[in-house]
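Source file run_30.txt; content: compact mmCIF, C-alpha atoms.
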# COMPACT_ATOMS: atom_id res chain seq x y z
CA MET A 1359 -27.84 31.25 55.92
CA PRO A 1360 -27.98 27.45 56.36
CA ALA A 1361 -28.57 27.18 52.58
CA ARG A 1362 -25.43 29.24 51.87
CA PHE A 1363 -23.48 27.15 54.34
CA GLY A 1364 -24.78 23.99 52.70
CA HIS A 1365 -23.78 25.34 49.28
CA LEU A 1366 -20.29 26.16 50.61
CA ILE A 1367 -19.89 22.65 52.00
CA LYS A 1368 -21.07 21.20 48.70
CA SER A 1369 -18.61 23.35 46.73
CA ALA A 1370 -15.77 22.41 49.07
CA PHE A 1371 -16.63 18.76 48.66
CA GLU A 1372 -16.73 19.12 44.87
CA VAL A 1373 -13.32 20.81 44.85
CA PHE A 1374 -11.97 18.09 47.13
CA THR A 1375 -13.40 15.39 44.82
CA GLN A 1376 -12.03 17.11 41.71
CA VAL A 1377 -8.57 17.44 43.27
CA ASN A 1378 -8.62 13.74 44.02
CA ARG A 1379 -9.80 12.97 40.50
CA GLU A 1380 -6.97 15.07 39.06
CA LYS A 1381 -4.49 13.26 41.29
CA ALA A 1382 -5.91 9.88 40.30
CA THR A 1383 -5.67 10.58 36.57
CA SER A 1384 -2.47 12.65 36.42
CA MET A 1385 -0.28 9.57 36.07
CA LEU A 1386 -2.62 8.14 33.41
CA GLU A 1387 -2.59 11.45 31.54
CA PHE A 1388 1.20 11.46 31.65
CA GLU A 1389 1.24 7.94 30.20
CA LEU A 1390 -1.35 8.92 27.58
CA LYS A 1391 0.72 11.90 26.46
CA GLU A 1392 3.78 9.64 26.18
CA LEU A 1393 1.77 7.15 24.08
CA GLU A 1394 0.53 9.95 21.82
CA ASN A 1395 4.07 11.28 21.60
CA ILE A 1396 5.35 7.83 20.57
CA PHE A 1397 2.56 7.53 17.99
CA ALA A 1398 3.52 10.88 16.45
CA LEU A 1399 7.21 9.94 16.58
CA LEU A 1400 6.53 6.68 14.75
CA ILE A 1401 4.57 8.46 12.03
CA LEU A 1402 6.99 11.34 11.66
CA GLY A 1403 10.18 9.43 12.46
CA GLY A 1404 11.36 9.81 8.88
CA PHE A 1405 11.87 13.54 9.48
CA ALA A 1406 14.25 12.83 12.35
CA GLY A 1407 16.08 9.97 10.66
CA LEU A 1408 14.17 7.22 12.45
CA PRO A 1409 12.65 4.27 10.59
CA SER A 1410 9.10 5.20 9.69
CA PRO A 1411 6.13 3.62 7.94
CA PRO A 1412 5.94 3.97 4.17
CA SER A 1413 5.61 7.72 3.75
CA PRO A 1414 2.24 7.52 1.94
CA ILE A 1415 0.72 6.01 5.13
CA ALA A 1416 2.16 8.92 7.12
CA VAL A 1417 0.77 11.35 4.56
CA GLU A 1418 -2.70 9.81 4.89
CA LEU A 1419 -2.66 10.01 8.71
CA LEU A 1420 -1.00 13.40 9.05
CA PRO A 1421 -4.07 15.59 8.45
CA TYR A 1422 -5.81 14.05 11.51
CA MET A 1423 -2.91 14.31 13.92
CA GLU A 1424 -3.08 17.91 15.10
CA ARG A 1425 -3.32 16.92 18.80
CA GLU A 1426 -0.42 14.46 18.56
CA LEU A 1427 1.74 17.04 16.78
CA THR A 1428 1.06 19.61 19.52
CA ILE A 1429 2.01 17.04 22.17
CA LEU A 1430 5.13 16.08 20.22
CA LEU A 1431 6.24 19.71 20.21
CA SER A 1432 5.43 20.27 23.89
CA ARG A 1433 7.30 17.07 24.76
CA THR A 1434 10.47 18.51 23.28
CA ASP A 1435 10.48 20.92 26.25
CA LEU A 1436 10.69 17.96 28.61
CA SER A 1437 13.39 16.21 26.66
CA GLN A 1438 16.11 18.06 28.61
CA ASP A 1439 15.07 16.43 31.89
CA PRO A 1440 12.56 13.61 31.37
CA LEU A 1441 13.54 11.84 34.59
CA GLY A 1442 13.01 15.03 36.59
CA VAL A 1443 9.49 15.34 35.17
CA LEU A 1444 8.73 11.71 36.02
CA MET A 1445 10.07 12.09 39.57
CA GLY A 1446 7.98 15.26 39.99
CA MET A 1447 4.91 13.33 38.81
CA LEU A 1448 5.59 10.59 41.35
CA GLU A 1449 6.21 13.26 44.02
CA ILE A 1450 9.70 11.96 44.74
CA ASP A 1451 12.07 14.64 46.07
CA MET B 1329 -10.01 -19.00 -7.99
CA ARG B 1330 -7.02 -17.45 -9.76
CA ASP B 1331 -8.47 -15.03 -12.30
CA THR B 1332 -5.59 -12.56 -12.47
CA ALA B 1333 -2.21 -13.12 -14.13
CA PHE B 1334 1.02 -11.21 -13.61
CA PHE B 1335 4.10 -11.53 -15.79
CA LEU B 1336 7.32 -10.63 -14.02
CA GLY B 1337 10.96 -10.61 -15.05
CA LYS B 1338 14.10 -8.68 -15.87
CA GLY B 1339 13.79 -5.71 -18.21
CA GLY B 1340 13.77 -6.75 -21.87
CA VAL B 1341 12.96 -10.46 -21.39
CA GLY B 1342 9.63 -10.08 -23.23
CA LYS B 1343 7.06 -9.46 -20.50
CA THR B 1344 4.89 -7.24 -22.69
CA THR B 1345 5.09 -9.57 -25.69
CA LEU B 1346 4.26 -12.71 -23.70
CA SER B 1347 1.53 -11.09 -21.62
CA SER B 1348 -0.04 -9.71 -24.83
CA ALA B 1349 0.19 -13.13 -26.51
CA PHE B 1350 -1.30 -14.78 -23.41
CA ALA B 1351 -4.19 -12.26 -23.16
CA LEU B 1352 -4.87 -12.49 -26.90
CA THR B 1353 -4.91 -16.30 -26.81
CA LEU B 1354 -7.35 -16.22 -23.87
CA ALA B 1355 -9.57 -13.68 -25.66
CA ARG B 1356 -9.62 -15.70 -28.89
CA SER B 1357 -10.62 -18.78 -26.90
CA GLY B 1358 -13.81 -16.94 -25.97
CA LYS B 1359 -12.91 -15.42 -22.61
CA LYS B 1360 -13.43 -11.74 -21.98
CA VAL B 1361 -10.00 -10.39 -21.03
CA LEU B 1362 -8.62 -7.09 -19.79
CA ILE B 1363 -4.87 -6.56 -20.09
CA ALA B 1364 -3.35 -3.66 -18.15
CA SER B 1365 0.15 -2.26 -18.39
CA LEU B 1366 1.61 -1.10 -15.08
CA ASP B 1367 4.94 -0.11 -16.62
CA PRO B 1368 5.50 3.68 -16.50
CA ALA B 1369 7.32 3.24 -19.85
CA HIS B 1370 4.31 1.74 -21.64
CA ASN B 1371 4.62 -0.27 -24.83
CA LEU B 1372 1.56 -2.50 -24.50
CA GLY B 1373 -0.24 -0.40 -27.12
CA ASP B 1374 2.71 -0.91 -29.51
CA SER B 1375 2.63 -4.63 -28.87
CA LEU B 1376 -1.14 -4.90 -29.48
CA ARG B 1377 -1.08 -2.37 -32.33
CA ALA B 1378 -3.71 -0.24 -30.59
CA ARG B 1379 -3.99 3.25 -29.12
CA LEU B 1380 -4.48 2.92 -25.36
CA ASN B 1381 -5.13 5.20 -22.41
CA GLY B 1382 -6.07 4.89 -18.73
CA GLU B 1383 -9.51 3.36 -19.41
CA PRO B 1384 -10.18 -0.01 -21.12
CA GLN B 1385 -10.11 0.25 -24.92
CA LYS B 1386 -11.45 -2.51 -27.14
CA VAL B 1387 -8.57 -4.05 -29.09
CA GLU B 1388 -10.61 -6.79 -30.71
CA GLU B 1389 -13.50 -9.10 -29.83
CA ASN B 1390 -13.19 -10.06 -26.10
CA LEU B 1391 -9.88 -8.22 -25.63
CA PHE B 1392 -9.66 -4.88 -23.86
CA ALA B 1393 -6.50 -3.08 -22.82
CA LEU B 1394 -5.36 -0.08 -20.82
CA GLU B 1395 -2.13 1.61 -19.83
CA ILE B 1396 -2.30 3.14 -16.37
CA ASN B 1397 -1.54 6.84 -16.18
CA LEU B 1398 0.85 6.87 -13.23
CA ALA B 1399 1.03 10.68 -12.91
CA GLN B 1400 -2.77 10.85 -12.74
CA TRP B 1401 -2.84 8.09 -10.10
CA VAL B 1402 -0.22 9.90 -8.00
CA ASP B 1403 -2.44 13.01 -8.14
CA THR B 1404 -5.63 11.08 -7.37
CA TYR B 1405 -3.99 9.27 -4.51
CA LEU B 1406 -2.56 12.43 -2.92
CA LYS B 1407 -5.58 14.65 -3.56
CA GLU B 1408 -7.49 13.56 -0.46
CA SER B 1409 -4.52 14.11 1.86
CA ARG B 1410 -3.66 17.39 0.19
CA ASP B 1411 -7.24 18.67 0.48
CA GLN B 1412 -7.40 17.61 4.12
CA LEU B 1413 -4.08 19.32 4.85
CA LYS B 1414 -5.34 22.44 3.11
CA ALA B 1415 -8.51 22.37 5.22
CA THR B 1416 -6.54 21.87 8.46
CA TYR B 1417 -4.06 24.60 7.62
CA SER B 1418 -6.60 26.82 5.83
CA TYR B 1419 -5.07 29.98 7.31
CA ASN B 1420 -2.16 29.40 4.93
CA LEU B 1421 -4.50 30.11 2.01
CA THR B 1422 -4.22 33.83 2.77
CA LEU B 1423 -0.45 33.65 2.27
CA ASN B 1424 -0.81 31.28 -0.70
CA LEU B 1425 1.41 28.75 1.08
CA ASP B 1426 -0.97 25.86 0.38
CA SER B 1427 0.62 25.39 -3.05
CA PHE B 1428 3.66 23.91 -1.28
CA PHE B 1429 1.63 20.80 -0.41
CA GLY B 1430 2.11 19.91 -4.08
CA ILE B 1431 5.59 18.73 -3.15
CA LEU B 1432 4.01 15.62 -1.55
CA LYS B 1433 3.95 13.94 -4.95
CA TYR B 1434 7.74 13.66 -4.84
CA SER B 1435 7.68 11.76 -1.55
CA PRO B 1436 9.67 8.48 -1.82
CA GLY B 1437 7.44 5.47 -2.28
CA THR B 1438 4.56 7.46 -3.75
CA GLU B 1439 4.95 5.95 -7.22
CA GLU B 1440 4.77 2.38 -5.87
CA TYR B 1441 1.65 3.26 -3.90
CA ALA B 1442 0.10 4.84 -6.97
CA VAL B 1443 0.68 1.56 -8.88
CA LEU B 1444 -0.88 -0.32 -5.97
CA TRP B 1445 -4.02 1.82 -5.92
CA ALA B 1446 -4.25 1.55 -9.72
CA ILE B 1447 -4.23 -2.26 -9.33
CA GLU B 1448 -6.89 -1.95 -6.63
CA ASP B 1449 -9.06 0.16 -8.94
CA ILE B 1450 -8.69 -2.36 -11.78
CA HIS B 1451 -9.37 -5.27 -9.42
CA CYS B 1452 -12.40 -3.75 -7.67
CA ARG B 1453 -13.99 -1.51 -10.32
CA LEU B 1454 -13.10 -3.05 -13.69
CA ALA B 1455 -12.33 -6.75 -13.12
CA PRO B 1456 -15.96 -7.80 -12.37
CA ASP B 1457 -16.81 -7.01 -16.03
CA TYR B 1458 -14.18 -9.46 -17.32
CA ASP B 1459 -13.42 -13.18 -17.03
CA PHE B 1460 -9.70 -12.58 -16.57
CA VAL B 1461 -7.30 -9.70 -15.96
CA VAL B 1462 -3.69 -9.85 -17.16
CA PHE B 1463 -1.05 -7.43 -15.85
CA ASP B 1464 2.04 -6.50 -17.77
CA THR B 1465 4.42 -5.34 -15.04
CA PRO B 1466 7.36 -2.92 -14.94
CA PRO B 1467 10.89 -4.36 -14.50
CA THR B 1468 11.71 -6.30 -11.34
CA ALA B 1469 12.67 -3.51 -8.91
CA LEU B 1470 9.39 -1.57 -9.12
CA SER B 1471 7.28 -4.75 -9.39
CA LEU B 1472 8.75 -6.28 -6.24
CA ARG B 1473 8.31 -3.03 -4.37
CA PHE B 1474 4.59 -2.77 -5.12
CA LEU B 1475 4.04 -6.51 -4.55
CA SER B 1476 5.70 -6.24 -1.13
CA LEU B 1477 3.86 -3.07 -0.07
CA PRO B 1478 0.65 -4.74 1.21
CA ALA B 1479 2.65 -7.07 3.49
CA ILE B 1480 5.12 -4.44 4.75
CA SER B 1481 2.55 -1.67 5.14
CA GLY B 1482 0.22 -4.19 6.78
CA LEU B 1483 2.79 -4.79 9.53
CA TRP B 1484 3.12 -1.06 10.18
CA VAL B 1485 -0.63 -0.52 10.14
CA ALA B 1486 -1.16 -3.44 12.56
CA GLU B 1487 1.37 -2.03 15.06
CA LEU B 1488 0.05 1.52 14.72
CA THR B 1489 -3.51 0.26 15.20
CA LYS B 1490 -2.49 -1.55 18.40
CA LEU B 1491 -0.87 1.62 19.73
CA ARG B 1492 -3.91 3.69 18.73
CA GLU B 1493 -6.24 1.28 20.56
CA ARG B 1494 -4.11 1.65 23.67
CA ILE B 1495 -4.29 5.45 23.38
CA LEU B 1496 -8.09 5.34 23.01
CA ASN B 1497 -8.40 2.97 25.99
CA ARG B 1498 -6.38 5.36 28.15
CA ARG B 1499 -8.50 8.31 26.98
CA GLN B 1500 -11.68 6.41 27.87
CA THR B 1501 -10.35 5.53 31.34
CA ILE B 1502 -9.31 9.12 32.05
CA THR B 1503 -12.63 10.52 30.79
CA ARG B 1504 -14.53 8.06 32.98
CA LEU B 1505 -12.52 8.91 36.10
CA ASN B 1506 -12.31 12.63 35.46
CA PRO B 1507 -14.91 14.00 33.02
CA GLN B 1508 -13.44 17.50 33.41
CA SER B 1509 -10.03 16.45 32.12
CA PRO B 1510 -8.94 18.18 28.86
CA VAL B 1511 -8.56 14.63 27.45
CA ALA B 1512 -12.38 14.36 27.47
CA GLU B 1513 -12.46 16.92 24.64
CA SER B 1514 -10.48 14.62 22.31
CA CYS B 1515 -11.87 11.52 20.59
CA VAL B 1516 -12.30 8.62 22.97
CA ASP B 1517 -14.28 6.17 20.82
CA LYS B 1518 -12.87 4.07 18.01
CA ASP B 1519 -15.78 5.09 15.82
CA ASP B 1520 -15.13 8.80 16.29
CA ASP B 1521 -11.36 8.74 16.05
CA LYS B 1522 -10.37 9.73 12.52
CA VAL B 1523 -6.83 8.35 12.86
CA TYR B 1524 -8.18 4.94 13.93
CA GLY B 1525 -10.76 5.06 11.12
CA LYS B 1526 -8.06 5.90 8.60
CA LEU B 1527 -5.86 3.04 9.85
CA ARG B 1528 -8.79 0.65 9.52
CA SER B 1529 -9.57 1.78 5.98
CA ILE B 1530 -5.89 1.45 4.94
CA LYS B 1531 -5.84 -2.04 6.48
CA ALA B 1532 -8.99 -3.09 4.61
CA ARG B 1533 -7.60 -1.87 1.29
CA LEU B 1534 -4.25 -3.57 1.89
CA SER B 1535 -5.98 -6.85 2.83
CA VAL B 1536 -7.81 -6.90 -0.51
CA LEU B 1537 -4.54 -6.44 -2.37
CA ASP B 1538 -2.69 -8.96 -0.20
CA ALA B 1539 -5.38 -11.56 -0.97
CA LEU B 1540 -5.23 -10.67 -4.67
CA PHE B 1541 -1.47 -11.23 -4.84
CA SER B 1542 -1.24 -14.30 -2.63
CA LYS B 1543 -4.51 -16.16 -3.36
CA HIS B 1544 -6.12 -14.99 -6.59
CA SER B 1545 -3.13 -14.37 -8.86
CA PHE B 1546 -1.18 -16.54 -11.24
CA LEU B 1547 2.37 -15.19 -11.22
CA SER B 1548 4.65 -16.19 -14.02
CA VAL B 1549 8.31 -15.26 -14.22
CA ILE B 1550 9.86 -14.81 -17.66
CA VAL B 1551 13.50 -15.65 -18.35
CA ASN B 1552 15.66 -15.64 -21.45
CA PRO B 1553 18.23 -18.33 -22.19
CA ASP B 1554 20.94 -16.42 -20.31
CA ASP B 1555 22.27 -16.61 -16.77
CA LEU B 1556 21.49 -12.99 -15.85
CA SER B 1557 17.75 -13.22 -16.37
CA VAL B 1558 17.67 -16.62 -14.64
CA LEU B 1559 19.51 -15.25 -11.61
CA GLU B 1560 17.10 -12.32 -11.45
CA ALA B 1561 14.15 -14.73 -11.70
CA LEU B 1562 15.64 -16.62 -8.77
CA ARG B 1563 15.78 -13.42 -6.72
CA ILE B 1564 12.16 -12.71 -7.66
CA LYS B 1565 11.17 -16.19 -6.46
CA GLU B 1566 13.05 -15.76 -3.17
CA GLU B 1567 11.43 -12.37 -2.53
CA LEU B 1568 7.95 -13.65 -3.40
CA THR B 1569 8.41 -16.70 -1.13
CA ARG B 1570 9.38 -14.34 1.70
CA LEU B 1571 6.15 -12.39 1.07
CA GLY B 1572 4.03 -15.56 0.95
CA ILE B 1573 3.19 -15.06 -2.75
CA PRO B 1574 3.47 -18.30 -4.75
CA LEU B 1575 5.09 -18.36 -8.19
CA SER B 1576 3.09 -20.46 -10.64
CA ALA B 1577 5.19 -20.90 -13.78
CA VAL B 1578 8.42 -20.10 -15.61
CA CYS B 1579 8.34 -18.95 -19.23
CA VAL B 1580 11.59 -19.31 -21.17
CA ASN B 1581 11.33 -16.70 -23.90
CA LYS B 1582 13.59 -16.12 -26.94
CA GLN B 1583 14.82 -19.71 -26.95
CA GLY B 1584 17.50 -20.01 -29.66
CA VAL B 1585 18.39 -16.31 -29.73
CA SER B 1586 22.03 -17.19 -29.06
CA ASP B 1587 24.26 -20.25 -28.75
CA ALA B 1588 25.74 -19.14 -25.41
CA SER B 1589 25.47 -21.75 -22.69
CA TRP B 1590 23.08 -21.17 -19.81
CA LYS B 1591 21.44 -23.31 -17.21
CA GLN B 1592 18.16 -23.31 -15.37
CA THR B 1593 18.59 -23.24 -11.59
CA SER B 1594 17.26 -26.13 -9.55
CA GLU B 1595 15.18 -23.69 -7.47
CA LEU B 1596 13.06 -22.87 -10.52
CA SER B 1597 13.13 -26.24 -12.28
CA HIS B 1598 10.30 -27.69 -10.14
CA LEU B 1599 7.90 -25.11 -11.59
CA PRO B 1600 6.10 -25.82 -14.89
CA GLN B 1601 8.25 -24.50 -17.76
CA PHE B 1602 6.84 -23.01 -20.97
CA ILE B 1603 9.29 -22.49 -23.81
CA TYR B 1604 8.91 -19.90 -26.59
CA SER B 1605 11.25 -19.77 -29.55
CA PHE B 1606 12.89 -16.57 -30.72
CA SER B 1607 11.06 -15.20 -33.76
CA ARG B 1608 13.62 -14.07 -36.35
CA GLU B 1609 10.94 -12.35 -38.41
CA GLY B 1610 9.87 -10.23 -35.43
CA ILE B 1611 6.32 -9.55 -34.33
CA GLN B 1612 4.47 -7.30 -36.74
CA THR B 1613 0.80 -8.09 -36.17
CA ARG B 1614 -1.50 -9.50 -33.50
CA ASP B 1615 -1.55 -12.78 -35.41
CA ASP B 1616 2.23 -12.95 -34.89
CA LEU B 1617 1.50 -12.79 -31.14
CA ILE B 1618 -0.80 -15.79 -31.50
CA ALA B 1619 1.93 -17.59 -33.43
CA ILE B 1620 4.15 -17.42 -30.31
CA GLY B 1621 2.01 -20.28 -29.01
CA ALA B 1622 0.69 -19.45 -25.55
CA GLU B 1623 -2.02 -22.16 -25.61
CA SER B 1624 -0.27 -24.54 -23.22
CA LEU B 1625 0.34 -21.71 -20.74
CA MET B 1626 -3.32 -20.69 -21.08
CA ARG B 1627 -4.51 -24.27 -20.44
CA TYR B 1628 -2.30 -24.53 -17.37
CA PHE B 1629 -3.56 -21.13 -16.13
CA LEU B 1630 -7.18 -22.23 -16.55
CA GLU B 1631 -6.53 -25.56 -14.79
CA GLU B 1632 -4.74 -23.80 -11.90
CA GLY B 1633 -7.49 -21.20 -11.71
CA ASN B 1634 -10.15 -23.84 -11.26
CA LYS B 1635 -8.36 -25.62 -8.42

Mind converting the file's structure to structure tokens?
Amino acid sequence: MPARFGHLIKSAFEVFTQVNREKATSMLEFELKELENIFALLILGGFAGLPSPPSPIAVELLPYMERELTILLSRTDLSQDPLGVLMGMLEID
Amino acid sequence: MRDTAFFLGKGGVGKTTLSSAFALTLARSGKKVLIASLDPAHNLGDSLRARLNGEPQKVEENLFALEINLAQWVDTYLKESRDQLKATYSYNLTLNLDSFFGILKYSPGTEEYAVLWAIEDIHCRLAPDYDFVVFDTPPTALSLRFLSLPAISGLWVAELTKLRERILNRRQTITRLNPQSPVAESCVDKDDDKVYGKLRSIKARLSVLDALFSKHSFLSVIVNPDDLSVLEALRIKEELTRLGIPLSAVCVNKQGVSDASWKQTSELSHLPQFIYSFSREGIQTRDDLIAIGAESLMRYFLEEGNK
């Protein structure tokens, strides 16, 4: 019984720690996704009419950019209300 | 040491003829020379009276020549990316959609890059077997585009590398603070990140070419005794100055072809001038190329190269 109680306390502490870790890194992860989104935008800007690097450079990098492309697409969902997302992240009502 | 020579100028001024005469004069003076035509509309073989292809062919003692096969270089250059795309999107093989990646060869700028990588191949793979390499270039527009590519692409690669480093730093920080974050599954080290590795390899290749153009090349602009070719030469000089590539000499070809008045611009007059008379009999043999008289240009090239 004390062992189970100890295990419960340990689990609760781990969850508590993990929640705090998630909170600590959520802002960094948001910034990271924005950086990756910008990187993909710079490479693929030519498709959207933005200045872009010489297309052969983009062609060489493209095969390795699966993650960035996924983020770029998911970011389009946020493009309707980017400020709202940022305010939500900062927990501002 | 300047061991590579480029001849630039407006279409029809005599780049192929003068570069052939220059390479032939160097070869007959005992130097082992490779002359390469970068012009998609080759006529170096016609000028040297030899059948050429993409690999060096012996024209005569000490003189070897090649005409780059641009279509083959476009294919070679795109093959790696195309294969990688096919591997990443391998599920498309079942629908036979992978064949559409072939369209990449028509991407703007591809031809200039293909010329650039052909120059890199000649410089790194072939040049060590020769004393000197001479390039016969395409007309101004394409030449300036490939000469400017290392500098312009270098700027892009530098900025993209900086951004990539920032991304990798953020990934490292997040992984350290929260090892269970989904970010931990992506590449966090510079050595593992394929995008960063690719940027570094592009930068290294561009640096070699940048050094070749700005430090190890003797660039000569060819003009005819007419204002149009002189004005174009002036634009070439301005563009090269902007790119940090020095121009070494001006060759005035076809002197005496007409009596029309023309004048050399002051911006070019400080460069050493080499004058070649118009040959009314035409150029029929390789000995006619020697008769053009490229010895003084060769001597100047050798002196400059040893500085």

Each residue of chain B with at least one atom at most 8 Å from chain A should appear once, together with its nearest atom pair and the corresponding distance in Å (one decimal); atoms considered: only C-alpha atoms; ordering: chain, then increasing residue number; output as CSV.
residue,atom,partner,partner_atom,distance
B:Ser1409,CA,A:Glu1418,CA,5.6
B:Gln1412,CA,A:Pro1421,CA,5.8
B:Leu1413,CA,A:Pro1421,CA,5.2
B:Thr1416,CA,A:Pro1421,CA,6.7
B:Ser1435,CA,A:Ser1413,CA,7.0
B:Pro1436,CA,A:Ser1413,CA,6.9
B:Gly1437,CA,A:Ser1413,CA,6.7
B:Thr1438,CA,A:Pro1414,CA,6.1
B:Tyr1441,CA,A:Pro1414,CA,7.3
B:Ser1481,CA,A:Pro1412,CA,6.7
B:Trp1484,CA,A:Pro1411,CA,6.0
B:Leu1488,CA,A:Phe1397,CA,7.3
B:Leu1491,CA,A:Phe1397,CA,7.1
B:Arg1492,CA,A:Phe1397,CA,7.6
B:Ile1495,CA,A:Leu1390,CA,6.2
B:Arg1498,CA,A:Leu1390,CA,6.2
B:Arg1499,CA,A:Leu1390,CA,7.2
B:Ile1502,CA,A:Thr1383,CA,6.0
B:Leu1505,CA,A:Arg1379,CA,6.6
B:Asn1506,CA,A:Arg1379,CA,5.6
B:Ser1509,CA,A:Glu1380,CA,7.7
B:Val1511,CA,A:Glu1387,CA,7.9
B:Lys1522,CA,A:Tyr1422,CA,6.4
B:Val1523,CA,A:Tyr1422,CA,5.9
B:Lys1526,CA,A:Leu1419,CA,6.8
B:Leu1527,CA,A:Leu1419,CA,7.8

Edge lengths and centre in Å to one decimal, as JSON, is what I'm after for the box along x, y and z that holds all listed atoms of range 1411-1423 of chain A once 4 Å is added on each side.
{"center_x": 0.2, "center_y": 9.6, "center_z": 7.9, "size_x": 19.9, "size_y": 20.0, "size_z": 20.0}

By how many Å are CA of Glu1372 in chain A and CA of Pro1360 in chain A apart?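 A separation of 18.1 Å between them.
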
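For the atom pair formed by CA of Leu1559 in chain B and CA of Ile1363 in chain B, the distance is 27.2 Å, given to one decimal.
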
Mind giving me the straight-line distance from CA of Tyr1434 in chain B to CA of Pro1368 in chain B in Å, one decimal?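 About the pair CA of Tyr1434 in chain B and CA of Pro1368 in chain B: they are 15.5 Å apart.
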
Which neighbours of Leu1568 in chain B fall inside 10 Å, counting all atoms listed in the file, when residues of the same chain fewer than 6 positions from it are skipped, and could you give them as a VMD selection string? chain B and resid 1472 1475 to 1476 1541 to 1542 1547 1562 1574 to 1575

Report as a VMD selection string all protein, DNA and RNA residues lying within 7 Å of Ser1605 in chain B, evaluated on all atoms listed in the file, omitting residues in the same chain fewer than 3 positions from it. chain B and resid 1581 to 1584

Any idea what's packed within 6 Å of Lys1360 in chain B, counting all atoms listed in the file, ignoring anything in its chain fewer than 6 positions away? Could you give it as an mmCIF file with C-alpha atoms, keeping the file's coordinate frame?
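The resulting file, around_27.cif, is reproduced below:
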data_model
loop_
_atom_site.group_PDB
_atom_site.id
_atom_site.type_symbol
_atom_site.label_atom_id
_atom_site.label_comp_id
_atom_site.auth_asym_id
_atom_site.auth_seq_id
_atom_site.Cartn_x
_atom_site.Cartn_y
_atom_site.Cartn_z
ATOM 1 C CA ASN B 1390 -13.190 -10.060 -26.100
ATOM 2 C CA TYR B 1458 -14.180 -9.460 -17.320
ATOM 3 C CA ASP B 1459 -13.420 -13.180 -17.030
#

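When all atoms listed in the file are used to compute distances to Ser1576 in chain B, the closest of the residues B:Asp1367, B:Glu1487, B:Glu1632, B:Glu1493 turns out to be B:Glu1632.
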
For Val1402 in chain B, find every residue with an atom within 7 Å (counting all atoms listed in the file), except residues of its own chain fewer than 3 positions away, and show them as a PyMOL selection string. chain B and resi 1398-1399+1405-1406+1433+1438-1439+1442

Limited to C-alpha atoms, could you put the picked residues into a file as a PDB file, in the frame of the given file?
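For reference, result36.pdb as written:
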ATOM      1  CA  LEU B1398       0.850   6.870 -13.230  1.00  0.00           C
ATOM      2  CA  ALA B1399       1.030  10.680 -12.910  1.00  0.00           C
ATOM      3  CA  TYR B1405      -3.990   9.270  -4.510  1.00  0.00           C
ATOM      4  CA  LEU B1406      -2.560  12.430  -2.920  1.00  0.00           C
ATOM      5  CA  LYS B1433       3.950  13.940  -4.950  1.00  0.00           C
ATOM      6  CA  THR B1438       4.560   7.460  -3.750  1.00  0.00           C
ATOM      7  CA  GLU B1439       4.950   5.950  -7.220  1.00  0.00           C
ATOM      8  CA  ALA B1442       0.100   4.840  -6.970  1.00  0.00           C
TER       9      ALA B1442
END

Write out N, CA and C atoms for range 1390-1400 of chain A, as an mmCIF file, keeping the file's coordinate frame.
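What follows is the written file out03.cif:
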data_model
loop_
_atom_site.group_PDB
_atom_site.id
_atom_site.type_symbol
_atom_site.label_atom_id
_atom_site.label_comp_id
_atom_site.auth_asym_id
_atom_site.auth_seq_id
_atom_site.Cartn_x
_atom_site.Cartn_y
_atom_site.Cartn_z
ATOM 1 N N LEU A 1390 -0.638 8.702 28.839
ATOM 2 C CA LEU A 1390 -1.350 8.920 27.580
ATOM 3 C C LEU A 1390 -0.556 9.862 26.670
ATOM 4 N N LYS A 1391 -0.045 10.946 27.276
ATOM 5 C CA LYS A 1391 0.720 11.900 26.460
ATOM 6 C C LYS A 1391 1.961 11.230 25.879
ATOM 7 N N GLU A 1392 2.595 10.355 26.692
ATOM 8 C CA GLU A 1392 3.780 9.640 26.180
ATOM 9 C C GLU A 1392 3.387 8.721 25.020
ATOM 10 N N LEU A 1393 2.234 8.035 25.162
ATOM 11 C CA LEU A 1393 1.770 7.150 24.080
ATOM 12 C C LEU A 1393 1.493 7.952 22.805
ATOM 13 N N GLU A 1394 0.841 9.110 22.977
ATOM 14 C CA GLU A 1394 0.530 9.950 21.820
ATOM 15 C C GLU A 1394 1.809 10.504 21.188
ATOM 16 N N ASN A 1395 2.773 10.801 22.075
ATOM 17 C CA ASN A 1395 4.070 11.280 21.600
ATOM 18 C C ASN A 1395 4.770 10.196 20.782
ATOM 19 N N ILE A 1396 4.723 8.955 21.282
ATOM 20 C CA ILE A 1396 5.350 7.830 20.570
ATOM 21 C C ILE A 1396 4.650 7.611 19.227
ATOM 22 N N PHE A 1397 3.323 7.720 19.236
ATOM 23 C CA PHE A 1397 2.560 7.530 17.990
ATOM 24 C C PHE A 1397 3.001 8.568 16.948
ATOM 25 N N ALA A 1398 3.097 9.825 17.385
ATOM 26 C CA ALA A 1398 3.520 10.880 16.450
ATOM 27 C C ALA A 1398 4.956 10.654 15.993
ATOM 28 N N LEU A 1399 5.803 10.201 16.927
ATOM 29 C CA LEU A 1399 7.210 9.940 16.580
ATOM 30 C C LEU A 1399 7.321 8.834 15.532
ATOM 31 N N LEU A 1400 6.491 7.786 15.702
ATOM 32 C CA LEU A 1400 6.530 6.680 14.750
ATOM 33 C C LEU A 1400 6.084 7.134 13.355
#
